[in-house]
Amino acid sequence: MYVAFGTPGDIHPYHGWIISYAPNSTTNTLDRVAVFSTTPNGAAGGVWSVGALAADTASNIFCSVGQGTWDVPNNNLGDSFLRLTTTGGVLQRADYFTPFNEATLDSMDLDAGSGGPLLLPVQSGAAHPNLMVVGSKEGRVYLLDRDNMGQFQSGSDSQIMQSLVGSFNGIYTTPSFFAGKVYISGRGGPQFRWNSALCANYHCDR
């Protein structure tokens, strides 16, 4: 079992945490087996979105991280999207994507991690078969390659599959997948649907 959290009401100091538990058949309790902090040498970075965690069939855990310290050499990943491995019961960061405007998002409390990640079904035969859709408090929608999330690129997010901005005043939900389409809703904007047949070309369809 995995539990993710941050803080009620942005009350500092705090960090983002993901904690895993496993059943103990001897004591009939849950034992803590692993702990991961999104900002171990910084501050904030709560994992608080609705549907905050998602997992694939290879036991990778994906999450969205809220506003907080961003300093990759010191393992601080505020305003980012993470892929964690669970090998040996240990939670470790395997890959990440941080938007190019992270500093602005942080200063304006526009959490990249306000929306939960949706893992799309495997796109058989596609150049990028394992995709993820997620939205942010900025109102931006990201389409990411789960196998190569893009990390950070100064000046633009051209290294990722697709980024859509300007249609919402904020996204606080997890997208839904039904009948080959992804549905995304947010504040002050339309509802988008993502046509999975177009994912290879990275297009969004209203």
# chains A, B, ... in the order shown; residues from 1 in each chain; ligands from 1

$ select_by_dssp --residues "range 3-189 of chain A" --states "strand (DSSP E)" --output "PyMOL selection string"
chain A and resi 3-5+17-24+29-37+53-55+61-64+70-71+76-77+81-85+92-97+118-119+131-135+141-145+162-164+176-178+181-184

$ select_by_dssp --residues "range 33-195 of chain A" --states "helix (DSSP H, G or I)" --output "ChimeraX atom specification"
/A:72-74,87-89,102-107,112-114

$ write_last_selection --atoms "N, CA and C atoms" --output "mmCIF file, in the first residue's frame"
data_model
loop_
_atom_site.group_PDB
_atom_site.id
_atom_site.type_symbol
_atom_site.label_atom_id
_atom_site.label_comp_id
_atom_site.auth_asym_id
_atom_site.auth_seq_id
_atom_site.Cartn_x
_atom_site.Cartn_y
_atom_site.Cartn_z
ATOM 1 N N VAL A 72 17.632 19.718 -8.368
ATOM 2 C CA VAL A 72 17.789 18.298 -8.689
ATOM 3 C C VAL A 72 19.041 17.681 -8.066
ATOM 4 N N PRO A 73 20.222 18.340 -8.092
ATOM 5 C CA PRO A 73 21.402 17.713 -7.477
ATOM 6 C C PRO A 73 21.202 17.373 -5.999
ATOM 7 N N ASN A 74 20.303 18.109 -5.333
ATOM 8 C CA ASN A 74 20.026 17.846 -3.923
ATOM 9 C C ASN A 74 18.695 17.117 -3.733
ATOM 10 N N THR A 87 11.962 -1.376 -6.739
ATOM 11 C CA THR A 87 12.805 -2.577 -6.658
ATOM 12 C C THR A 87 13.264 -2.827 -5.231
ATOM 13 N N GLY A 88 13.067 -4.054 -4.774
ATOM 14 C CA GLY A 88 13.483 -4.411 -3.429
ATOM 15 C C GLY A 88 12.727 -3.697 -2.335
ATOM 16 N N GLY A 89 11.560 -3.133 -2.698
ATOM 17 C CA GLY A 89 10.765 -2.416 -1.713
ATOM 18 C C GLY A 89 11.246 -1.009 -1.438
ATOM 19 N N GLU A 102 9.312 26.500 -14.128
ATOM 20 C CA GLU A 102 9.198 26.063 -12.728
ATOM 21 C C GLU A 102 9.360 27.217 -11.755
ATOM 22 N N ALA A 103 10.310 28.115 -12.005
ATOM 23 C CA ALA A 103 10.544 29.218 -11.073
ATOM 24 C C ALA A 103 9.313 30.109 -10.958
ATOM 25 N N THR A 104 8.633 30.348 -12.072
ATOM 26 C CA THR A 104 7.401 31.143 -12.061
ATOM 27 C C THR A 104 6.289 30.398 -11.341
ATOM 28 N N LEU A 105 6.153 29.116 -11.624
ATOM 29 C CA LEU A 105 5.134 28.315 -10.959
ATOM 30 C C LEU A 105 5.337 28.343 -9.446
ATOM 31 N N ASP A 106 6.583 28.218 -9.013
ATOM 32 C CA ASP A 106 6.886 28.217 -7.591
ATOM 33 C C ASP A 106 6.556 29.553 -6.946
ATOM 34 N N SER A 107 6.955 30.644 -7.588
ATOM 35 C CA SER A 107 6.758 31.978 -6.997
ATOM 36 C C SER A 107 5.287 32.375 -6.938
ATOM 37 N N ALA A 112 2.460 22.570 -10.199
ATOM 38 C CA ALA A 112 2.394 21.618 -11.313
ATOM 39 C C ALA A 112 1.639 20.371 -10.876
ATOM 40 N N GLY A 113 1.706 20.061 -9.595
ATOM 41 C CA GLY A 113 1.122 18.821 -9.094
ATOM 42 C C GLY A 113 -0.313 18.911 -8.636
ATOM 43 N N SER A 114 -1.102 19.857 -9.138
ATOM 44 C CA SER A 114 -2.503 19.953 -8.710
ATOM 45 C C SER A 114 -3.379 18.885 -9.356
#

$ atom_distance --atom1 "CA of Val65 in chain A" --atom2 "CA of Phe81 in chain A"
6.0 Å

$ closest_residue --among "A:Phe97, A:Tyr183, A:Tyr142, A:Phe178" --to "Gly78 in chain A" --atoms "only C-alpha atoms"
A:Phe97

$ residues_around --residues "Ala94 in chain A" --least-positions-apart "2" --cutoff "7 Å" --atoms "only C-alpha atoms" --output "list in words"
Arg83, Leu84, Thr85 and Gln92 of chain A

$ residues_around --residues "Ser154 in chain A" --least-positions-apart "4" --cutoff "10 Å" --atoms "only C-alpha atoms" --output "PyMOL selection string"
chain A and resi 98-102+158

$ closest_atom_pairs --of "range 76-120 of chain A" --to "range 36-42 of chain A" --cutoff "10 Å" --atoms "only C-alpha atoms" --output "tab-separated table"
residue	atom	partner	partner_atom	distance
A:Asn76	CA	A:Thr39	CA	4.1
A:Leu77	CA	A:Thr38	CA	5.6
A:Gly78	CA	A:Thr39	CA	6.7
A:Asp79	CA	A:Thr38	CA	9.7
A:Ser80	CA	A:Thr38	CA	9.2
A:Leu82	CA	A:Thr38	CA	9.1
A:Leu84	CA	A:Phe36	CA	9.2
A:Val90	CA	A:Phe36	CA	8.6
A:Leu91	CA	A:Phe36	CA	6.0
A:Gln92	CA	A:Phe36	CA	7.2
A:Arg93	CA	A:Phe36	CA	8.8

$ write_last_selection --atoms "N, CA and C atoms" --output "compact mmCIF listing (two decimals), in the first residue's frame"
# COMPACT_ATOMS: atom_id res chain seq x y z
N ASN A 76 15.67 17.66 -4.69
CA ASN A 76 14.44 18.43 -4.43
C ASN A 76 13.70 18.62 -5.75
N LEU A 77 12.48 18.09 -5.83
CA LEU A 77 11.74 18.06 -7.09
C LEU A 77 10.36 18.68 -6.95
N GLY A 78 10.29 19.90 -6.41
CA GLY A 78 9.02 20.61 -6.39
C GLY A 78 8.55 20.91 -7.81
N ASP A 79 7.22 21.04 -8.00
CA ASP A 79 6.63 21.36 -9.31
C ASP A 79 7.13 20.42 -10.40
N SER A 80 7.05 19.13 -10.15
CA SER A 80 7.56 18.15 -11.10
C SER A 80 6.63 16.94 -11.15
N LEU A 82 7.05 12.71 -11.39
CA LEU A 82 8.10 11.73 -11.10
C LEU A 82 7.69 10.32 -11.50
N LEU A 84 8.93 6.66 -10.03
CA LEU A 84 9.69 6.02 -8.97
C LEU A 84 9.73 4.52 -9.21
N VAL A 90 12.30 -0.57 -2.14
CA VAL A 90 12.86 0.77 -1.94
C VAL A 90 12.30 1.71 -2.99
N LEU A 91 11.81 2.87 -2.57
CA LEU A 91 11.31 3.89 -3.50
C LEU A 91 12.46 4.79 -3.92
N GLN A 92 12.74 4.81 -5.23
CA GLN A 92 13.82 5.65 -5.75
C GLN A 92 13.36 6.36 -7.01
N ARG A 93 13.82 7.60 -7.19
CA ARG A 93 13.48 8.34 -8.40
C ARG A 93 14.23 7.77 -9.59

$ closest_atom_pairs --of "range 135-156 of chain A" --to "range 50-54 of chain A" --cutoff "12 Å" --atoms "only C-alpha atoms" --output "tab-separated table"
residue	atom	partner	partner_atom	distance
A:Gly135	CA	A:Val50	CA	11.3
A:Ser136	CA	A:Val50	CA	11.8
A:Arg146	CA	A:Ala54	CA	11.5

$ residues_around --residues "Met1 in chain A" --least-positions-apart "6" --cutoff "12 Å" --atoms "only C-alpha atoms" --output "list in words"
Ile18, Ile19, Ser20, Tyr21, Ala22, Pro23, Leu30, Asp31, Arg32, Val33, Ala34, Val35, Leu53, Ala54, Ala55, Ile61, Thr86 and Gly89 of chain A

$ closest_residue --among "A:Pro13, A:Gly150, A:Gly115, A:Gly68" --to "Trp48 in chain A" --atoms "only C-alpha atoms"
A:Gly115

$ residues_around --residues "range 162-176 of chain A" --least-positions-apart "3" --cutoff "9 Å" --atoms "only C-alpha atoms" --output "ChimeraX atom specification"
/A:49-52,110,113-118,133-144,157-159,181-190,202-204

$ residues_around --residues "Leu120 in chain A" --least-positions-apart "2" --cutoff "9 Å" --atoms "only C-alpha atoms" --output "list in words"
Leu118, Val122, Gln123, Pro129, Asn130, Leu131, Met132, Val133, Phe177, Val182 and Ser196 of chain A

$ atom_distance --atom1 "CA of Ala43 in chain A" --atom2 "CA of Asn148 in chain A"
26.3 Å

$ closest_residue --among "A:Asp111, A:Asp147, A:Asp95, A:Asp10" --to "Ser64 in chain A" --atoms "only C-alpha atoms"
A:Asp111

$ atom_distance --atom1 "CA of Ala4 in chain A" --atom2 "CA of Trp17 in chain A"
5.6 Å

$ decode --residues "range 7-142 of chain A" --atoms "C-alpha atoms" --output "compact mmCIF listing (two decimals), in the first residue's frame"
# COMPACT_ATOMS: atom_id res chain seq x y z
CA THR A 7 0.27 19.37 4.56
CA PRO A 8 -3.19 20.77 5.35
CA GLY A 9 -3.48 24.38 4.24
CA ASP A 10 0.13 24.84 3.08
CA ILE A 11 1.27 25.26 6.67
CA HIS A 12 5.10 25.36 6.72
CA PRO A 13 7.44 23.69 7.32
CA TYR A 14 6.53 20.53 5.44
CA HIS A 15 7.67 18.15 2.70
CA GLY A 16 5.97 15.89 0.21
CA TRP A 17 5.98 12.24 1.24
CA ILE A 18 5.21 8.85 -0.25
CA ILE A 19 5.24 5.98 2.23
CA SER A 20 4.73 2.31 1.43
CA TYR A 21 3.36 -0.33 3.79
CA ALA A 22 3.22 -4.12 3.59
CA PRO A 23 1.14 -6.58 5.61
CA ASN A 24 2.83 -8.45 8.44
CA SER A 25 1.22 -11.89 8.73
CA THR A 26 2.70 -12.44 12.20
CA THR A 27 1.30 -9.32 13.82
CA ASN A 28 -1.63 -8.74 11.46
CA THR A 29 -0.48 -5.16 11.04
CA LEU A 30 0.90 -2.99 8.25
CA ASP A 31 4.66 -2.41 8.47
CA ARG A 32 6.33 0.62 6.93
CA VAL A 33 8.79 -0.60 4.30
CA ALA A 34 9.86 2.49 2.34
CA VAL A 35 9.78 6.29 2.53
CA PHE A 36 10.35 8.83 -0.24
CA SER A 37 10.46 12.62 0.16
CA THR A 38 10.04 14.96 -2.80
CA THR A 39 12.09 17.72 -1.12
CA PRO A 40 14.41 16.03 1.41
CA ASN A 41 16.86 18.95 1.38
CA GLY A 42 14.35 21.70 0.72
CA ALA A 43 10.76 22.51 1.58
CA ALA A 44 7.17 21.89 0.50
CA GLY A 45 6.54 19.80 -2.64
CA GLY A 46 3.39 18.12 -1.35
CA VAL A 47 1.86 15.16 -3.19
CA TRP A 48 -1.76 16.22 -2.76
CA SER A 49 -3.68 15.93 -6.03
CA VAL A 50 -6.82 13.83 -6.41
CA GLY A 51 -5.62 10.41 -7.54
CA ALA A 52 -2.10 11.45 -6.60
CA LEU A 53 -0.41 8.14 -7.46
CA ALA A 54 -0.57 5.78 -10.43
CA ALA A 55 1.28 2.52 -11.10
CA ASP A 56 2.12 0.58 -14.25
CA THR A 57 2.51 -3.17 -14.75
CA ALA A 58 6.27 -2.91 -14.15
CA SER A 59 5.65 -1.62 -10.59
CA ASN A 60 6.71 1.94 -11.40
CA ILE A 61 4.94 4.61 -9.34
CA PHE A 62 4.06 7.95 -10.96
CA CYS A 63 3.12 11.12 -9.09
CA SER A 64 2.61 14.86 -9.42
CA VAL A 65 4.46 17.17 -7.03
CA GLY A 66 3.18 20.55 -5.85
CA GLN A 67 4.94 23.87 -5.37
CA GLY A 68 8.26 23.62 -3.54
CA THR A 69 12.05 23.64 -3.73
CA TRP A 70 13.49 22.59 -7.09
CA ASP A 71 17.16 21.60 -6.91
CA VAL A 72 17.79 18.30 -8.69
CA PRO A 73 21.40 17.71 -7.48
CA ASN A 74 20.03 17.85 -3.92
CA ASN A 75 17.03 15.65 -4.78
CA ASN A 76 14.44 18.43 -4.43
CA LEU A 77 11.74 18.06 -7.09
CA GLY A 78 9.02 20.61 -6.39
CA ASP A 79 6.63 21.36 -9.31
CA SER A 80 7.56 18.15 -11.10
CA PHE A 81 6.20 14.81 -12.27
CA LEU A 82 8.10 11.73 -11.10
CA ARG A 83 8.58 8.09 -11.96
CA LEU A 84 9.69 6.02 -8.97
CA THR A 85 10.96 2.45 -8.99
CA THR A 86 10.03 0.01 -6.24
CA THR A 87 12.80 -2.58 -6.66
CA GLY A 88 13.48 -4.41 -3.43
CA GLY A 89 10.76 -2.42 -1.71
CA VAL A 90 12.86 0.77 -1.94
CA LEU A 91 11.31 3.89 -3.50
CA GLN A 92 13.82 5.65 -5.75
CA ARG A 93 13.48 8.34 -8.40
CA ALA A 94 14.07 6.88 -11.86
CA ASP A 95 12.98 9.79 -14.05
CA TYR A 96 11.17 13.12 -13.89
CA PHE A 97 9.77 16.05 -15.84
CA THR A 98 9.91 19.64 -14.58
CA PRO A 99 8.23 22.41 -16.64
CA PHE A 100 10.56 25.04 -18.08
CA ASN A 101 8.76 27.78 -16.10
CA GLU A 102 9.20 26.06 -12.73
CA ALA A 103 10.54 29.22 -11.07
CA THR A 104 7.40 31.14 -12.06
CA LEU A 105 5.13 28.31 -10.96
CA ASP A 106 6.89 28.22 -7.59
CA SER A 107 6.76 31.98 -7.00
CA MET A 108 3.04 32.18 -7.90
CA ASP A 109 1.96 28.97 -6.09
CA LEU A 110 0.83 27.46 -9.41
CA ASP A 111 1.45 23.86 -8.42
CA ALA A 112 2.39 21.62 -11.31
CA GLY A 113 1.12 18.82 -9.09
CA SER A 114 -2.50 19.95 -8.71
CA GLY A 115 -3.72 17.30 -11.16
CA GLY A 116 -3.30 13.56 -10.87
CA PRO A 117 -1.53 11.44 -13.51
CA LEU A 118 -3.41 9.19 -15.92
CA LEU A 119 -1.43 6.33 -17.49
CA LEU A 120 -2.78 5.61 -20.96
CA PRO A 121 -3.09 2.04 -22.22
CA VAL A 122 -0.05 0.83 -24.15
CA GLN A 123 -0.08 2.19 -27.72
CA SER A 124 0.98 -0.92 -29.62
CA GLY A 125 3.33 -0.22 -32.51
CA ALA A 126 3.76 3.45 -31.60
CA ALA A 127 7.17 5.09 -31.26
CA HIS A 128 6.16 6.12 -27.74
CA PRO A 129 3.87 3.35 -26.47
CA ASN A 130 3.73 4.36 -22.80
CA LEU A 131 2.14 7.76 -22.30
CA MET A 132 0.85 9.79 -19.38
CA VAL A 133 -1.59 12.72 -19.32
CA VAL A 134 -1.65 15.20 -16.42
CA GLY A 135 -2.85 18.76 -15.77
CA SER A 136 -1.58 21.58 -13.54
CA LYS A 137 -2.88 24.53 -11.50
CA GLU A 138 -1.52 26.79 -14.24
CA GLY A 139 -4.15 25.18 -16.47
CA ARG A 140 -1.61 23.46 -18.67
CA VAL A 141 -2.08 19.88 -19.91
CA TYR A 142 0.98 17.69 -20.48
